[in-house]
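Taking it in order: structure first as structure tokens, then the write-up.
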Amino acid sequence: QVHMVESGGGLVQAGGSLGLSCAASGSAFSINTMGWYRQAPGKQRELVATISKGGNTNYAASVKGRFTISRDNAKNTVYLQMNSLKPEDTAVYYCNGWHYGADYWGQGTQVTVSA
């Protein structure tokens, strides 16, 4: 069974940086698409960024130019480097792995950006 294990997150001031990482444990294969989603209080979960096994990336307009997603296929690990953070980036960030119809989610990690 595949488990997405997240690390990183925390509290940072506006304009600061944070990094998240997520490893897919228990997987015998390289997960096709990995990514990050976030959910702020009272809002729906939204896409932040995704990256394919081949390195193709997709970003939400709100984070483009500030966040960078990357992955290490050998380690089945995805990273999210977040720069120039804003208070509106405050949310629980969830790691996701998608592999041909199978969806895997992490437990979520809190990111709080103070003004």
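The way I read the labels, and the way they are meant: chains A, B, ... in the order of the structure tokens, residue 1 as the first residue of every chain, and ligand 1 as the first ligand shown, with later ones counted on from there.
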Spatial neighbours of segment 33-37 of chain A, 7 Å, only C-alpha atoms, chain gap at least 6 places, as a PDB file with N, CA and C atoms, in the first residue's frame:
ATOM      1  N   ARG A  45     -10.470  22.565  -1.468  1.00  0.00           N
ATOM      2  CA  ARG A  45      -9.097  22.188  -1.788  1.00  0.00           C
ATOM      3  C   ARG A  45      -8.796  22.607  -3.221  1.00  0.00           C
ATOM      4  N   GLU A  46      -7.618  23.190  -3.423  1.00  0.00           N
ATOM      5  CA  GLU A  46      -7.251  23.658  -4.748  1.00  0.00           C
ATOM      6  C   GLU A  46      -5.857  23.175  -5.135  1.00  0.00           C
ATOM      7  N   LEU A  47      -5.663  23.088  -6.436  1.00  0.00           N
ATOM      8  CA  LEU A  47      -4.367  22.674  -6.959  1.00  0.00           C
ATOM      9  C   LEU A  47      -3.341  23.775  -6.747  1.00  0.00           C
ATOM     10  N   VAL A  48      -2.148  23.372  -6.340  1.00  0.00           N
ATOM     11  CA  VAL A  48      -1.027  24.310  -6.250  1.00  0.00           C
ATOM     12  C   VAL A  48      -0.075  24.067  -7.422  1.00  0.00           C
ATOM     13  N   ALA A  49       0.391  22.833  -7.552  1.00  0.00           N
ATOM     14  CA  ALA A  49       1.323  22.514  -8.632  1.00  0.00           C
ATOM     15  C   ALA A  49       1.392  21.002  -8.800  1.00  0.00           C
ATOM     16  N   THR A  50       1.640  20.574 -10.026  1.00  0.00           N
ATOM     17  CA  THR A  50       1.858  19.163 -10.302  1.00  0.00           C
ATOM     18  C   THR A  50       3.084  18.998 -11.186  1.00  0.00           C
ATOM     19  N   ILE A  51       3.640  17.796 -11.151  1.00  0.00           N
ATOM     20  CA  ILE A  51       4.793  17.492 -11.991  1.00  0.00           C
ATOM     21  C   ILE A  51       4.689  16.039 -12.437  1.00  0.00           C
ATOM     22  N   SER A  52       4.906  15.807 -13.714  1.00  0.00           N
ATOM     23  CA  SER A  52       4.840  14.454 -14.248  1.00  0.00           C
ATOM     24  C   SER A  52       6.180  13.753 -14.059  1.00  0.00           C
ATOM     25  N   LYS A  53       6.169  12.456 -14.332  1.00  0.00           N
ATOM     26  CA  LYS A  53       7.409  11.682 -14.217  1.00  0.00           C
ATOM     27  C   LYS A  53       8.455  12.221 -15.196  1.00  0.00           C
ATOM     28  N   VAL A  78       8.570  14.205  -4.053  1.00  0.00           N
ATOM     29  CA  VAL A  78       8.241  15.479  -4.682  1.00  0.00           C
ATOM     30  C   VAL A  78       8.516  16.604  -3.684  1.00  0.00           C
ATOM     31  N   TYR A  93      -1.422  22.049   3.349  1.00  0.00           N
ATOM     32  CA  TYR A  93      -0.908  21.599   2.062  1.00  0.00           C
ATOM     33  C   TYR A  93      -0.884  20.072   2.041  1.00  0.00           C
ATOM     34  N   TYR A  94      -1.450  19.519   0.972  1.00  0.00           N
ATOM     35  CA  TYR A  94      -1.556  18.071   0.815  1.00  0.00           C
ATOM     36  C   TYR A  94      -0.726  17.604  -0.370  1.00  0.00           C
ATOM     37  N   CYS A  95       0.012  16.551  -0.153  1.00  0.00           N
ATOM     38  CA  CYS A  95       0.763  15.911  -1.221  1.00  0.00           C
ATOM     39  C   CYS A  95      -0.161  14.912  -1.925  1.00  0.00           C
ATOM     40  N   ASN A  96      -0.018  14.816  -3.219  1.00  0.00           N
ATOM     41  CA  ASN A  96      -0.840  13.883  -3.999  1.00  0.00           C
ATOM     42  C   ASN A  96       0.015  13.111  -4.975  1.00  0.00           C
ATOM     43  N   GLY A  97      -0.342  11.846  -5.137  1.00  0.00           N
ATOM     44  CA  GLY A  97       0.280  11.037  -6.170  1.00  0.00           C
ATOM     45  C   GLY A  97      -0.825  10.389  -6.985  1.00  0.00           C
ATOM     46  N   TRP A  98      -0.696  10.454  -8.292  1.00  0.00           N
ATOM     47  CA  TRP A  98      -1.692   9.853  -9.188  1.00  0.00           C
ATOM     48  C   TRP A  98      -0.982   8.879 -10.107  1.00  0.00           C
ATOM     49  N   HIS A  99      -1.517   7.656 -10.162  1.00  0.00           N
ATOM     50  CA  HIS A  99      -0.886   6.645 -11.008  1.00  0.00           C
ATOM     51  C   HIS A  99      -1.975   5.834 -11.680  1.00  0.00           C
TER      52      HIS A  99
END
Name all residues at most 9 Å from Lys75 of chain A (count only C-alpha atoms; drop same-chain ones fewer than 3 positions away) and give them as a PyMOL selection string. chain A and resi 23-24+30+71-72+78
Emit the selected residues as a PDB file, in the first residue's frame, including C-alpha atoms.
ATOM      1  CA  ALA A  23       7.928  10.698  -0.237  1.00  0.00           C
ATOM      2  CA  ALA A  24       5.765   7.902  -1.578  1.00  0.00           C
ATOM      3  CA  SER A  30       7.583   5.540 -10.034  1.00  0.00           C
ATOM      4  CA  ARG A  71      10.813  15.598  -7.982  1.00  0.00           C
ATOM      5  CA  ASP A  72      13.325  12.824  -7.604  1.00  0.00           C
ATOM      6  CA  VAL A  78       8.241  15.479  -4.682  1.00  0.00           C
TER       7      VAL A  78
END
Backbone DSSP call of strand (DSSP E) for chain A, listed as JSON, numbers by chain: {"A": [3, 4, 5, 6, 7, 8, 10, 11, 12, 13, 18, 19, 20, 21, 22, 23, 24, 25, 33, 34, 35, 36, 37, 38, 39, 46, 47, 48, 49, 50, 51, 52, 57, 58, 59, 67, 68, 69, 70, 71, 72, 77, 78, 79, 80, 81, 82, 91, 92, 93, 94, 95, 96, 97, 98, 99, 102, 103, 104, 105, 109, 110, 111, 112, 113, 114]}
For Leu85 of chain A: contacts at 12 Å, only C-alpha atoms, fewer than 6 positions along chain excluded, given as a ChimeraX atom specification: /A:9,11-19,62-67,91,111-115
Would you mind listing what lies within 7 Å of Ala40 of chain A as a ChimeraX atom specification, with only C-alpha atoms counted and same-chain residues fewer than 3 positions away left out? /A:43,90-92
Would you kindly return, as a list in words, each protein, DNA or RNA residue with an atom no farther than 7 Å from any atom of Ser21 of chain A, considering only C-alpha atoms and excluding same-chain residues fewer than 6 positions away?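 Contacts, in chain order: Glu6, Ser7, Gly8, Thr77, Val78, Tyr79 and Leu80 of chain A.
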Interatomic distance, atom CA of Trp105 of chain A to atom CA of Gly54 of chain A (Å, one decimal): 20.6 Å
So the first atom is atom CA of Gly10 of chain A and the second is atom CA of Arg38 of chain A; what is the distance between them in Å, to one decimal place?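 Going from atom CA of Gly10 of chain A over to atom CA of Arg38 of chain A, I get 14.0 Å.
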